[in-house]
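Asker: What follows is data23.txt; its format and atoms are compact mmCIF, C-alpha atoms.
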# COMPACT_ATOMS: atom_id res chain seq x y z
CA MET A 15 95.76 74.27 98.61
CA GLY A 16 96.67 70.63 98.21
CA SER A 17 96.89 67.36 100.07
CA GLU A 18 99.41 68.76 102.55
CA SER A 19 97.30 68.28 105.68
CA VAL A 20 98.49 64.65 105.76
CA VAL A 21 102.13 63.80 105.15
CA PRO A 22 102.04 60.59 103.10
CA LYS A 23 103.49 57.40 104.59
CA TRP A 24 105.74 56.94 101.59
CA ALA A 25 107.29 60.43 101.93
CA SER A 26 110.60 59.04 103.19
CA GLN A 27 111.07 56.89 100.09
CA PRO A 28 112.63 58.45 96.98
CA CYS A 29 109.82 60.40 95.29
CA ILE A 30 109.13 61.80 91.85
CA MET A 31 107.15 64.94 91.10
CA GLY A 32 105.54 66.44 88.04
CA ILE A 33 104.81 70.18 87.68
CA ASP A 34 102.56 71.83 85.15
CA GLU A 35 100.59 75.03 84.70
CA ALA A 36 97.16 76.04 83.48
CA GLY A 37 95.94 79.46 82.41
CA ARG A 38 99.20 80.98 81.24
CA GLY A 39 97.87 82.38 78.00
CA PRO A 40 94.42 83.70 79.00
CA VAL A 41 93.88 87.43 79.37
CA LEU A 42 91.74 86.91 82.46
CA GLY A 43 91.58 84.85 85.63
CA PRO A 44 94.27 83.23 87.73
CA MET A 45 97.27 81.25 86.51
CA VAL A 46 97.60 77.95 88.34
CA TYR A 47 100.73 75.91 89.01
CA ALA A 48 100.21 72.38 90.24
CA CYS A 49 102.43 69.53 91.29
CA LEU A 50 101.68 65.86 91.67
CA TYR A 51 104.08 63.54 93.47
CA CYS A 52 104.42 59.92 94.49
CA ALA A 53 107.00 57.34 95.48
CA ARG A 54 109.27 56.36 92.60
CA SER A 55 108.20 52.75 93.16
CA TYR A 56 104.65 53.78 92.22
CA GLN A 57 105.70 55.08 88.81
CA ASN A 58 104.63 52.00 86.86
CA THR A 59 101.19 51.89 88.41
CA LEU A 60 100.85 55.62 87.71
CA SER A 61 101.48 54.98 84.00
CA SER A 62 98.47 52.68 83.95
CA LEU A 63 96.06 55.27 85.40
CA SER A 64 95.27 56.82 81.99
CA PHE A 65 96.30 60.35 82.90
CA ALA A 66 96.85 62.19 79.69
CA ASP A 67 97.67 65.79 78.85
CA SER A 68 94.72 67.68 80.33
CA LYS A 69 94.17 69.60 77.11
CA THR A 70 93.28 66.42 75.24
CA LEU A 71 90.64 65.46 77.81
CA LYS A 72 87.04 66.62 78.06
CA GLU A 73 86.12 68.65 81.13
CA ASP A 74 84.06 65.91 82.84
CA LYS A 75 86.84 63.38 82.25
CA ARG A 76 89.33 65.78 83.86
CA GLU A 77 87.05 66.28 86.85
CA GLU A 78 86.69 62.51 87.18
CA LEU A 79 90.45 61.95 87.06
CA PHE A 80 91.06 64.75 89.56
CA GLU A 81 88.65 63.15 92.03
CA ALA A 82 90.33 59.78 91.44
CA LEU A 83 93.81 61.10 92.13
CA LYS A 84 92.63 63.00 95.20
CA SER A 85 91.31 59.79 96.73
CA ASN A 86 94.43 57.83 95.79
CA ASP A 87 96.64 57.47 98.91
CA SER A 88 99.70 56.81 96.80
CA LEU A 89 99.49 60.27 95.24
CA ALA A 90 99.80 63.74 96.74
CA TRP A 91 99.47 67.15 95.17
CA ALA A 92 99.68 70.91 95.77
CA VAL A 93 98.66 74.00 93.82
CA ASP A 94 99.65 77.65 93.66
CA VAL A 95 96.85 79.90 92.40
CA ILE A 96 98.30 83.19 91.16
CA ASP A 97 95.75 85.97 91.29
CA PRO A 98 95.32 88.04 88.10
CA ARG A 99 95.76 91.17 90.27
CA ASP A 100 99.22 89.92 91.25
CA LEU A 101 100.11 89.02 87.67
CA SER A 102 99.16 92.50 86.44
CA ALA A 103 100.86 94.25 89.37
CA LYS A 104 104.15 92.36 88.95
CA MET A 105 104.27 92.81 85.21
CA LEU A 106 103.45 96.54 85.46
CA GLN A 107 105.62 97.48 88.42
CA LYS A 108 108.69 99.64 87.93
CA ASN A 109 111.07 96.70 87.86
CA LYS A 110 108.88 94.53 85.75
CA ILE A 111 108.79 90.82 86.42
CA ASN A 112 108.00 88.83 83.30
CA LEU A 113 105.70 85.85 83.12
CA ASN A 114 108.57 83.35 82.90
CA GLU A 115 110.04 84.59 86.16
CA ILE A 116 106.64 84.49 87.84
CA SER A 117 106.20 80.93 86.55
CA HIS A 118 109.62 79.81 87.77
CA ASP A 119 109.01 81.33 91.20
CA SER A 120 105.70 79.55 91.46
CA ALA A 121 107.14 76.16 90.48
CA MET A 122 110.05 76.57 92.89
CA GLY A 123 107.61 77.61 95.60
CA LEU A 124 105.76 74.33 95.15
CA ILE A 125 108.99 72.32 95.41
CA HIS A 126 109.92 74.23 98.58
CA ARG A 127 106.55 73.51 100.14
CA VAL A 128 106.75 69.79 99.46
CA LEU A 129 110.37 69.53 100.64
CA LYS A 130 109.38 71.34 103.83
CA LEU A 131 106.78 68.64 104.46
CA GLY A 132 109.64 66.18 104.62
CA VAL A 133 109.10 64.51 101.26
CA LEU A 134 112.25 62.98 99.79
CA LEU A 135 112.09 64.40 96.27
CA THR A 136 114.71 62.90 93.97
CA GLU A 137 113.32 63.62 90.50
CA VAL A 138 111.16 66.49 89.29
CA TYR A 139 109.62 66.68 85.82
CA ILE A 140 108.60 70.12 84.62
CA ASP A 141 106.80 71.37 81.57
CA THR A 142 108.07 74.65 80.16
CA VAL A 143 107.43 77.06 77.32
CA GLY A 144 110.79 78.78 77.67
CA ASP A 145 114.34 77.49 77.17
CA PRO A 146 114.50 74.10 78.98
CA GLY A 147 118.30 74.15 79.35
CA LYS A 148 118.53 77.48 81.17
CA TYR A 149 115.57 76.62 83.37
CA GLU A 150 117.15 73.33 84.37
CA VAL A 151 120.38 75.06 85.36
CA LYS A 152 118.43 77.56 87.46
CA LEU A 153 116.48 74.79 89.21
CA SER A 154 119.53 72.63 89.86
CA LYS A 155 121.28 75.57 91.45
CA VAL A 156 118.43 76.11 93.93
CA PHE A 157 117.76 72.41 94.57
CA PRO A 158 121.10 70.59 94.10
CA SER A 159 119.82 67.30 95.52
CA ILE A 160 117.07 66.93 92.91
CA LYS A 161 117.43 65.64 89.37
CA PHE A 162 115.39 67.83 87.02
CA VAL A 163 113.87 66.91 83.71
CA VAL A 164 112.66 70.09 82.01
CA ALA A 165 110.93 69.58 78.68
CA LYS A 166 108.50 71.18 76.32
CA LYS A 167 105.31 69.12 76.15
CA ALA A 168 106.33 67.25 79.30
CA ASP A 169 102.62 66.98 80.05
CA SER A 170 102.21 64.49 77.22
CA LEU A 171 105.52 62.68 77.82
CA TYR A 172 105.47 61.90 81.55
CA PRO A 173 102.38 60.55 83.36
CA VAL A 174 103.33 62.39 86.57
CA VAL A 175 103.27 65.68 84.64
CA SER A 176 100.00 64.70 82.92
CA GLY A 177 98.55 64.20 86.40
CA ALA A 178 99.84 67.62 87.48
CA SER A 179 98.30 69.17 84.37
CA ILE A 180 94.91 67.74 85.33
CA VAL A 181 95.20 69.19 88.85
CA ALA A 182 96.22 72.56 87.38
CA LYS A 183 93.52 72.69 84.74
CA VAL A 184 90.68 71.60 87.05
CA THR A 185 91.81 74.09 89.70
CA ARG A 186 91.98 76.92 87.18
CA ASP A 187 88.53 76.08 85.75
CA ARG A 188 86.97 75.91 89.21
CA ALA A 189 88.69 79.13 90.33
CA LEU A 190 87.33 80.97 87.32
CA ARG A 191 83.87 79.45 87.69
CA ASP A 192 83.69 80.45 91.37
CA TRP A 193 85.46 83.80 90.92
CA VAL A 194 84.00 86.54 93.08
CA LEU A 195 84.27 89.76 91.10
CA ASP A 196 85.68 92.67 93.11
CA GLU A 197 83.52 95.26 91.45
CA SER A 198 80.00 96.16 92.52
CA VAL A 199 78.85 97.10 89.05
CA LYS A 200 75.39 96.29 87.75
CA ASN A 201 74.89 94.13 84.66
CA MET A 202 78.17 92.26 84.93
CA HIS A 203 77.96 88.70 83.65
CA ARG A 204 80.11 85.61 83.94
CA ASN A 205 80.36 84.33 80.38
CA PHE A 206 84.13 84.60 80.51
CA GLY A 207 84.71 81.93 77.88
CA SER A 208 88.08 80.20 78.09
CA GLY A 209 89.86 83.47 78.76
CA TYR A 210 92.04 83.11 75.67
CA PRO A 211 92.25 86.41 73.75
CA GLY A 212 90.98 84.75 70.57
CA ASP A 213 87.91 83.13 72.13
CA PRO A 214 84.78 84.95 70.82
CA GLN A 215 83.07 84.60 74.20
CA THR A 216 86.07 86.11 76.00
CA LYS A 217 86.20 88.91 73.43
CA SER A 218 82.59 89.85 73.97
CA TRP A 219 83.03 89.63 77.76
CA LEU A 220 85.93 92.09 77.53
CA GLU A 221 83.87 94.35 75.28
CA ASP A 222 80.95 94.26 77.74
CA HIS A 223 83.12 95.01 80.78
CA LYS A 224 85.54 97.66 79.60
CA HIS A 225 85.43 100.99 81.39
CA PRO A 226 86.87 104.31 80.17
CA ILE A 227 88.45 105.15 83.55
CA PHE A 228 89.12 101.88 85.34
CA GLY A 229 89.91 99.76 82.31
CA PHE A 230 88.48 96.42 83.32
CA PRO A 231 87.44 94.52 86.42
CA THR A 232 90.51 93.23 88.29
CA LEU A 233 89.85 89.72 86.94
CA VAL A 234 91.57 90.92 83.76
CA ARG A 235 95.33 90.83 83.34
CA PHE A 236 96.05 94.43 82.44
CA SER A 237 99.58 93.59 81.36
CA TRP A 238 98.32 91.59 78.38
CA GLY A 239 98.73 93.40 75.06
CA THR A 240 95.19 92.40 74.08
CA CYS A 241 93.81 94.90 76.58
CA ASN A 242 95.06 97.83 74.50
CA THR A 243 92.73 97.03 71.63
CA TYR A 244 89.74 97.68 73.88
CA PHE A 245 90.98 101.08 74.93
CA LYS A 246 91.14 103.30 71.95
CA ASP A 247 88.58 105.62 73.58
CA GLY A 248 89.52 105.14 77.23
CA ALA A 249 90.93 107.97 79.34
CA GLU A 250 94.69 108.30 79.21
CA VAL A 251 96.47 107.73 82.51
CA LEU A 252 99.96 109.10 83.19
CA TRP A 253 101.92 107.55 86.03
CA GLU A 254 104.46 109.37 88.18
CA SER A 255 106.50 106.18 88.35
CA ASP A 256 106.88 106.04 84.56
CA LYS A 257 108.36 109.48 84.19
CA THR A 258 111.96 108.70 85.17
CA ASP A 259 112.18 105.88 82.63
CA GLU A 260 113.36 108.34 80.03
CA ASP A 261 116.69 108.72 81.84
CA GLY A 262 117.50 105.29 80.44
CA GLY A 263 118.40 104.17 83.94
CA ASN A 264 117.21 100.69 83.16
CA ASN A 265 120.41 98.92 82.29
CA ASN A 266 119.85 95.39 83.45
CA SER A 267 120.16 92.50 81.06
CA ASN A 268 116.43 92.38 80.44
CA GLY A 269 116.48 95.95 79.19
CA LYS A 270 115.21 95.14 75.75
CA ARG A 271 112.30 93.01 76.81
CA GLN A 272 111.39 95.41 79.57
CA LEU A 273 111.35 98.33 77.22
CA LYS A 274 108.86 96.45 75.13
CA LEU A 275 106.78 95.58 78.15
CA SER A 276 106.46 99.21 79.17
CA HIS A 277 104.45 99.82 76.03
CA VAL A 278 102.09 97.01 76.79
CA GLY A 279 98.91 97.21 78.78
CA PHE A 280 98.06 100.57 80.21
CA THR A 281 101.45 102.12 80.43
CA THR A 282 101.56 105.19 78.26
CA SER A 283 104.05 107.52 76.72
CA LYS A 284 106.33 109.51 78.97
CA ARG A 285 105.33 113.07 79.71
CA ARG A 286 106.85 116.04 81.37
CA SER A 287 106.50 115.56 85.09
CA GLU A 288 104.77 118.92 85.44
CA GLU A 289 101.76 117.46 83.70
CA ILE A 290 101.45 114.77 86.33
CA GLU A 291 102.28 116.39 89.61
CA SER A 292 103.07 119.74 91.11
CA SER A 293 106.78 120.45 91.33
CA GLY A 294 107.23 123.43 93.58
CA LYS A 295 109.50 124.74 90.82
CA GLY A 296 111.17 128.06 91.58
CA ARG A 297 110.41 127.93 95.28
CA CYS A 298 112.82 127.30 98.11
CA ARG A 299 113.94 123.75 98.81
CA PHE A 300 111.57 123.23 101.69
CA PHE A 301 108.62 123.57 99.33
CA GLN A 302 110.28 121.88 96.37
CA SER A 303 111.05 118.74 98.29
CA ARG A 304 107.43 118.62 99.42
CA LYS A 305 106.07 119.29 95.95
CA LEU A 306 104.23 122.36 97.21
CA GLU A 307 103.42 124.81 94.48
CA GLN A 308 102.05 128.28 95.11
CA LEU A 309 98.76 128.86 93.40
CA THR A 310 98.01 132.51 92.87
CA TYR A 311 94.78 132.03 90.97
CA PHE A 312 92.33 129.27 90.28
CA GLN A 313 91.71 127.91 86.85
CA LYS A 314 89.40 125.16 85.81
CA MET B 5 98.83 126.94 85.38
CA GLU B 6 101.48 128.97 83.59
CA LYS B 7 99.20 130.24 80.85
CA GLY B 8 96.00 132.23 80.79
CA GLY B 9 95.29 135.76 81.93
CA ARG B 10 94.90 136.60 85.55
CA GLY B 11 91.24 137.37 86.15
CA ALA B 12 89.68 139.67 88.67
CA PRO B 13 90.08 138.60 92.31
CA ALA B 14 87.72 135.73 93.04
CA ASN B 15 85.61 135.05 96.06
CA ILE B 16 85.78 131.68 97.69
CA VAL B 17 82.75 130.81 99.75
CA LEU B 18 83.65 128.25 102.38
CA LYS B 19 80.67 126.50 103.93
CA LYS B 20 81.29 123.76 106.41
CA ASP B 21 77.95 122.61 107.69
CA GLU B 22 75.65 122.24 104.67
CA ALA B 23 78.26 120.63 102.39
CA GLU B 24 78.56 116.87 101.98
CA ASP B 25 81.32 115.28 104.06
CA LEU B 26 83.57 113.20 101.81
CA SER B 27 85.89 111.97 104.58
CA GLY B 28 87.27 108.53 103.73
CA ARG B 29 86.54 109.06 100.05
CA ILE B 30 89.24 111.53 99.05
CA HIS B 31 92.08 109.71 97.28
CA GLN B 32 95.34 111.05 95.98
CA VAL B 33 96.62 108.64 93.35
CA PRO B 34 100.17 108.57 91.90
CA CYS B 35 98.93 109.20 88.39
CA CYS B 36 97.01 111.66 86.33
CA VAL B 37 93.76 110.50 84.77
CA LYS B 38 93.23 112.62 81.70
CA GLN B 39 89.55 113.04 82.19
CA ASP B 40 87.48 115.51 84.14
CA GLY B 41 84.13 114.37 85.37
CA PRO B 42 82.32 111.90 87.57
CA ALA B 43 83.33 108.21 87.62
CA SER B 44 81.94 105.22 89.49
CA VAL B 45 84.90 105.16 91.87
CA SER B 46 83.28 103.22 94.69
CA ASP B 47 82.17 100.43 92.32
CA TYR B 48 85.64 99.84 90.92
CA PHE B 49 88.18 101.19 93.39
CA LYS B 50 88.05 98.93 96.44
CA PRO B 51 90.79 99.67 98.96
CA LYS B 52 91.40 96.90 101.48
CA LEU B 53 92.95 97.27 104.89
CA THR B 54 95.84 94.83 105.11
CA GLY B 55 95.89 94.68 108.89
CA VAL B 56 99.56 95.64 108.71
CA GLY B 57 101.02 98.99 109.64
CA VAL B 58 104.04 100.68 108.10
CA ASP B 59 105.74 103.45 110.07
CA GLY B 60 102.71 103.30 112.35
CA LEU B 61 100.39 104.02 109.42
CA PRO B 62 97.67 101.42 108.74
CA LEU B 63 98.43 100.00 105.29
CA GLN B 64 95.75 99.80 102.61
CA GLN B 65 96.01 98.17 99.21
CA ALA B 66 94.07 98.73 96.02
CA HIS B 67 94.52 98.18 92.30
CA PHE B 68 94.11 100.70 89.54
CA ARG B 69 94.56 99.77 85.89
CA GLY B 70 96.43 96.67 86.88
CA ARG B 71 98.91 98.39 89.15
CA LEU B 72 99.25 97.76 92.84
CA LEU B 73 98.69 100.84 94.96
CA GLN B 74 99.65 100.97 98.61
CA GLY B 75 98.34 103.76 100.71
CA THR B 76 97.26 105.13 104.02
CA SER B 77 94.67 107.56 105.28
CA LEU B 78 96.01 110.80 106.74
CA PRO B 79 93.77 112.87 108.96
CA LEU B 80 94.15 116.59 108.35
CA PRO B 81 95.91 118.27 111.26
CA HIS B 82 93.77 119.60 114.08
CA GLY B 83 92.15 122.88 113.19
CA PHE B 84 92.25 122.29 109.42
CA SER B 85 89.51 121.25 107.01
CA GLY B 86 89.56 120.19 103.39
CA PHE B 87 87.23 121.77 100.84
CA VAL B 88 86.16 120.68 97.38
CA LEU B 89 85.38 123.82 95.40
CA SER B 90 83.31 124.27 92.29
CA LYS B 91 83.17 127.31 90.10
CA LYS B 92 79.96 129.32 90.27
CA SER B 93 81.09 132.19 88.07
CA ASP B 94 84.36 133.84 87.05
CA GLU B 95 84.43 135.63 90.36
CA CYS B 96 83.04 133.03 92.67
CA TRP B 97 83.94 129.54 93.88
CA GLU B 98 81.70 127.62 96.24
CA THR B 99 82.14 124.68 98.57
CA SER B 100 80.62 121.53 97.14
CA ALA B 101 82.01 119.16 99.75
CA THR B 102 84.37 118.99 102.71
CA PHE B 103 86.76 116.35 104.05
CA ARG B 104 88.77 115.65 107.17
CA ASP B 105 91.25 113.15 105.75
CA VAL B 106 93.08 112.23 102.56
CA THR B 107 94.01 108.70 101.54
CA TYR B 108 97.14 108.89 99.49
CA TRP B 109 98.53 106.10 97.34
CA ASN B 110 101.96 105.14 96.10
CA HIS B 111 102.47 102.90 93.11
CA GLU B 112 104.02 99.69 94.40
CA PHE B 113 105.66 101.06 97.55
CA ALA B 114 104.25 101.16 101.04
CA PRO B 115 103.53 104.62 102.41
CA SER B 116 106.12 106.18 104.69
CA HIS B 117 106.83 109.36 106.60
CA ASN B 118 109.12 110.41 103.75
CA ASP B 119 106.30 110.65 101.21
CA ASP B 120 105.60 114.05 99.70
CA LEU B 121 102.07 114.43 100.96
CA PHE B 122 103.04 113.35 104.43
CA ARG B 123 105.84 115.90 104.44
CA ALA B 124 103.66 118.57 102.88
CA PHE B 125 101.86 118.82 106.20
CA HIS B 126 105.11 120.10 107.77
CA CYS B 127 104.27 123.30 105.99
CA LEU B 128 101.30 123.82 108.29
CA THR B 129 103.45 123.60 111.40
CA LEU B 130 105.97 125.92 109.83
CA SER B 131 103.34 128.41 108.83
CA GLN B 132 101.86 128.34 112.30
CA ALA B 133 105.27 129.08 113.82
CA LEU B 134 105.80 131.94 111.37
CA HIS B 135 102.44 133.54 111.89
CA ASN B 136 101.92 133.11 115.60
CA PRO B 137 102.23 136.43 117.39
CA VAL B 138 105.47 136.72 119.29
CA THR B 139 105.08 137.69 122.91
CA ALA B 140 107.32 140.24 124.58
CA GLU B 141 108.81 137.48 126.81
CA GLU B 142 109.71 135.28 123.80
CA LEU B 143 111.36 138.23 122.12
CA ALA B 144 113.29 139.05 125.25
CA SER B 145 114.49 135.47 125.78
CA SER B 146 115.57 135.02 122.18
CA SER B 147 117.52 138.26 122.07
CA PHE B 148 119.09 137.26 125.37
CA SER B 149 120.35 133.99 123.90
CA LEU B 150 121.91 135.87 120.99
Mind turning the file's structure into structure tokens?
Answerer:
Amino acid sequence: MGSESVVPKWASQPCIMGIDEAGRGPVLGPMVYACLYCARSYQNTLSSLSFADSKTLKEDKREELFEALKSNDSLAWAVDVIDPRDLSAKMLQKNKINLNEISHDSAMGLIHRVLKLGVLLTEVYIDTVGDPGKYEVKLSKVFPSIKFVVAKKADSLYPVVSGASIVAKVTRDRALRDWVLDESVKNMHRNFGSGYPGDPQTKSWLEDHKHPIFGFPTLVRFSWGTCNTYFKDGAEVLWESDKTDEDGGNNNSNGKRQLKLSHVGFTTSKRRSEEIESSGKGRCRFFQSRKLEQLTYFQK
Amino acid sequence: MEKGGRGAPANIVLKKDEAEDLSGRIHQVPCCVKQDGPASVSDYFKPKLTGVGVDGLPLQQAHFRGRLLQGTSLPLPHGFSGFVLSKKSDECWETSATFRDVTYWNHEFAPSHNDDLFRAFHCLTLSQALHNPVTAEELASSSFSL
């Protein structure tokens, strides 16, 4: 989504871009990355447009500013809406991808998209929660022709990032408001609250929608530690793909963090593989390699 | 299965026609859910056809407890049926449902011909070859080639 259907007239001039995110912390709903870009010569006018960090603005003011920047021909924008199902899946897969990596990939994806349109990007301003120095090195390696300014609180320092934060926040709010729940369960409601784990409305939504077998609707990010607190009485689930972790085969540099992650969400303690699947133990290789066990009597 | 005494031989009553047909609704998931009993599977577990095929198998995707599952539906080989059994007494098991296919799921990875369940069906071909009566001609030709 974005303004990409029309390539702006000023695309061949040196352009600046701001990138910001919304919905990183919430335990439910999508995470949104947004970029806003314009010709460098428009920078001064942009500063006068009263874009401020989206968090300091009321919702109707944000909506108003978003509509204003959409109708402004000197500005263009793009968003990447990352589905909570994808966030959970990536963070719970065998080679876990952490939220920083997902964020970096999303931001770089936006830059790629805009460059592909033929926009001459010369400066990109990015807000970050992680180490700005390392992130800048990573970005400069991928996009050597662009000058990067990576900063914490960039959304309140640079108007172009403030603008991006408005696009991100409005898109996230709308996506959550219009979210079509996957599940066909009766008595579900949509009082999600902000989605932040501490929000009382979000807490009671999670309480109302937990399920002993399935956990939660797929709107929820299962990889968030918060989820565990709702599952003291849920059914335990043992995964075949977790069982080899005990070999300690995970020796990449993220080992420490990944070890921690594996205890988050719905991953559980390692068990003997026999508990999870049939092994064909003691039979000839043909059966073993097909996990075919001989059952001489039934037991329930 | 390693513990527990071996009871008296049990009867298994296979009924094909009266039992409910669960085809399309039998899933093998790559995990063990430590609970025995009914669950509202169709309300929560919503496989989607991706429109893509892997190894000639139509790829489906679903999510369970936050993990991505990729799977495909395998029809049981011709001449075979699947049965869901329930215990009537110590000596008797009865058919509570039947099925003609199994949808099996891998965590994260797309299904392939190398997956265990896919390969488990080789056993049926093997067993057929082992148990088919050998004709006099076959016997003659194989001893000739020796």
Asker: Considering all atoms listed in the file, extract the chain B residues located within 6 Å of chain A and return them as an MDAnalysis selection string.
Answerer: chainID B and resid 34:39 47:48 69:72 120 123:124
Asker: Residues within 6 Å of A:Met31, please, as a list of chain:residue names. Count only C-alpha atoms; anything in the same chain fewer than 3 positions from it doesn't count.
Answerer: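 The contact residues come out as A:Leu50, A:Tyr51, A:Val138.
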Asker: Given only C-alpha atoms as the basis, pick out the residue of B:Phe49, B:Phe125, B:Phe103, B:Phe68 nearest to B:Lys20.
Answerer: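 Closest residue, counting only C-alpha atoms: B:Phe103.
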Asker: Tell me which protein, DNA and RNA residues are within 10 Å of A:Val46, counting all atoms listed in the file, leaving out same-chain ones fewer than 5 positions away, and put them as a PyMOL selection string.
Answerer: chain A and resi 34-38+93-97+117+120-121+179+181-187+189
Asker: Go ahead and write the residues just picked, C-alpha atoms, as an mmCIF file, in the frame of the given file.
Answerer:
data_model
loop_
_atom_site.group_PDB
_atom_site.id
_atom_site.type_symbol
_atom_site.label_atom_id
_atom_site.label_comp_id
_atom_site.auth_asym_id
_atom_site.auth_seq_id
_atom_site.Cartn_x
_atom_site.Cartn_y
_atom_site.Cartn_z
ATOM 1 C CA ASP A 34 102.560 71.830 85.150
ATOM 2 C CA GLU A 35 100.590 75.030 84.700
ATOM 3 C CA ALA A 36 97.160 76.040 83.480
ATOM 4 C CA GLY A 37 95.940 79.460 82.410
ATOM 5 C CA ARG A 38 99.200 80.980 81.240
ATOM 6 C CA VAL A 93 98.660 74.000 93.820
ATOM 7 C CA ASP A 94 99.650 77.650 93.660
ATOM 8 C CA VAL A 95 96.850 79.900 92.400
ATOM 9 C CA ILE A 96 98.300 83.190 91.160
ATOM 10 C CA ASP A 97 95.750 85.970 91.290
ATOM 11 C CA SER A 117 106.200 80.930 86.550
ATOM 12 C CA SER A 120 105.700 79.550 91.460
ATOM 13 C CA ALA A 121 107.140 76.160 90.480
ATOM 14 C CA SER A 179 98.300 69.170 84.370
ATOM 15 C CA VAL A 181 95.200 69.190 88.850
ATOM 16 C CA ALA A 182 96.220 72.560 87.380
ATOM 17 C CA LYS A 183 93.520 72.690 84.740
ATOM 18 C CA VAL A 184 90.680 71.600 87.050
ATOM 19 C CA THR A 185 91.810 74.090 89.700
ATOM 20 C CA ARG A 186 91.980 76.920 87.180
ATOM 21 C CA ASP A 187 88.530 76.080 85.750
ATOM 22 C CA ALA A 189 88.690 79.130 90.330
#
Asker: Could you produce a table of the residues of stretch 108-135 of chain B lying within 12 Å of stretch 79-82 of chain B, with the nearest pair of atoms per residue and their separation in Å rounded to one decimal, using only C-alpha atoms, ordered by chain and increasing residue number, as a Markdown table?
Answerer:
| residue | atom | partner | partner_atom | distance |
| --- | --- | --- | --- | --- |
| B:Tyr108 | CA | B:Pro79 | CA | 10.8 |
| B:Leu121 | CA | B:Leu80 | CA | 11.0 |
| B:Phe122 | CA | B:Leu80 | CA | 10.2 |
| B:Ala124 | CA | B:Leu80 | CA | 11.1 |
| B:Phe125 | CA | B:Pro81 | CA | 7.8 |
| B:His126 | CA | B:Pro81 | CA | 10.0 |
| B:Cys127 | CA | B:Pro81 | CA | 11.1 |
| B:Leu128 | CA | B:Pro81 | CA | 8.3 |
| B:Thr129 | CA | B:Pro81 | CA | 9.2 |
| B:Gln132 | CA | B:Pro81 | CA | 11.7 |
Asker: Using only C-alpha atoms, determine which residues lie at most 8 Å from B:Asp105, disregarding the query and same-chain residues fewer than 3 positions distant; provide the list as a PyMOL selection string.
Answerer: chain B and resi 27-28+30+77-80+86
Asker: Store the residues picked out above in a file with C-alpha atoms, as a tab-separated table (two decimals), keeping the file's coordinate frame.
Answerer:
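The new file again_7.tsv reads:
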chain	number	residue	atom	x	y	z
B	27	SER	CA	85.89	111.97	104.58
B	28	GLY	CA	87.27	108.53	103.73
B	30	ILE	CA	89.24	111.53	99.05
B	77	SER	CA	94.67	107.56	105.28
B	78	LEU	CA	96.01	110.80	106.74
B	79	PRO	CA	93.77	112.87	108.96
B	80	LEU	CA	94.15	116.59	108.35
B	86	GLY	CA	89.56	120.19	103.39
Asker: Could you state the separation of atom CA of A:Gln57 and atom CA of A:Cys29 in Å, given to one decimal place?
Answerer: 9.3 Å
Asker: Nearest to B:Ser100 among B:Ala144, B:Ala14, B:Lys19, B:His117, with distances taken over only C-alpha atoms: which residue is it?
Answerer: B:Lys19
Asker: Using all atoms listed in the file, can you list as an NGL selection string the residues within 12 Å of (84.9, 81.7, 75.0)?
Answerer: :A and (40-42 or 204-220)
Asker: Report, in Å with one decimal, the straight-line distance from atom CA of A:His223 to atom CA of A:Thr243.
Answerer: 13.4 Å
Asker: Please compute the atom CA of B:Ser93-atom CA of B:Glu22 distance, one decimal, in Å.
Answerer: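 Going from atom CA of B:Ser93 over to atom CA of B:Glu22 covers 20.1 Å.
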Asker: Mind checking which residues fall within 9 Å of B:Leu18, counting all atoms listed in the file, ignoring those fewer than 4 positions away in the same chain, and posting them as a ChimeraX atom specification?
Answerer: /B:87,89,97-99
Asker: Go through A:Ile116, A:Gln308, A:Leu171, A:Trp24 one by one, measure the shortest atom-to-atom distance of each to A:Gly296 using only C-alpha atoms, and give the residue with the smallest value.
Answerer: A:Gln308
Asker: Would you list the contacts of stretch 124-127 of chain A as a list in words, taking every protein, DNA or RNA residue within 10 Å and counting only C-alpha atoms, but skipping same-chain residues closer than 4 positions in sequence?
Answerer: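 So the residues in contact are Glu18, Met31, Ile33, Tyr47, Ala48, Cys49, Trp91, Ala92, Val93, Asp94, His118, Asp119, Ser120, Leu131, Gly132, Val133, Leu135, Val138, Val156 and Phe157 of chain A.
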Asker: Which residue gives the smallest distance to B:Pro13 among B:Leu130, B:Leu26, B:Cys96, B:Val106, with only C-alpha atoms counted?
Answerer: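 Between B:Leu130, B:Leu26, B:Cys96, B:Val106, the residue approaching B:Pro13 most closely is B:Cys96.
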Asker: Is there a way to get, as a ChimeraX atom specification, all residues within 12 Å of the point (96.6, 56.2, 93.8) in file coordinates, counting all atoms listed in the file?
Answerer: /A:22,50-53,56-65,79-91,174,177
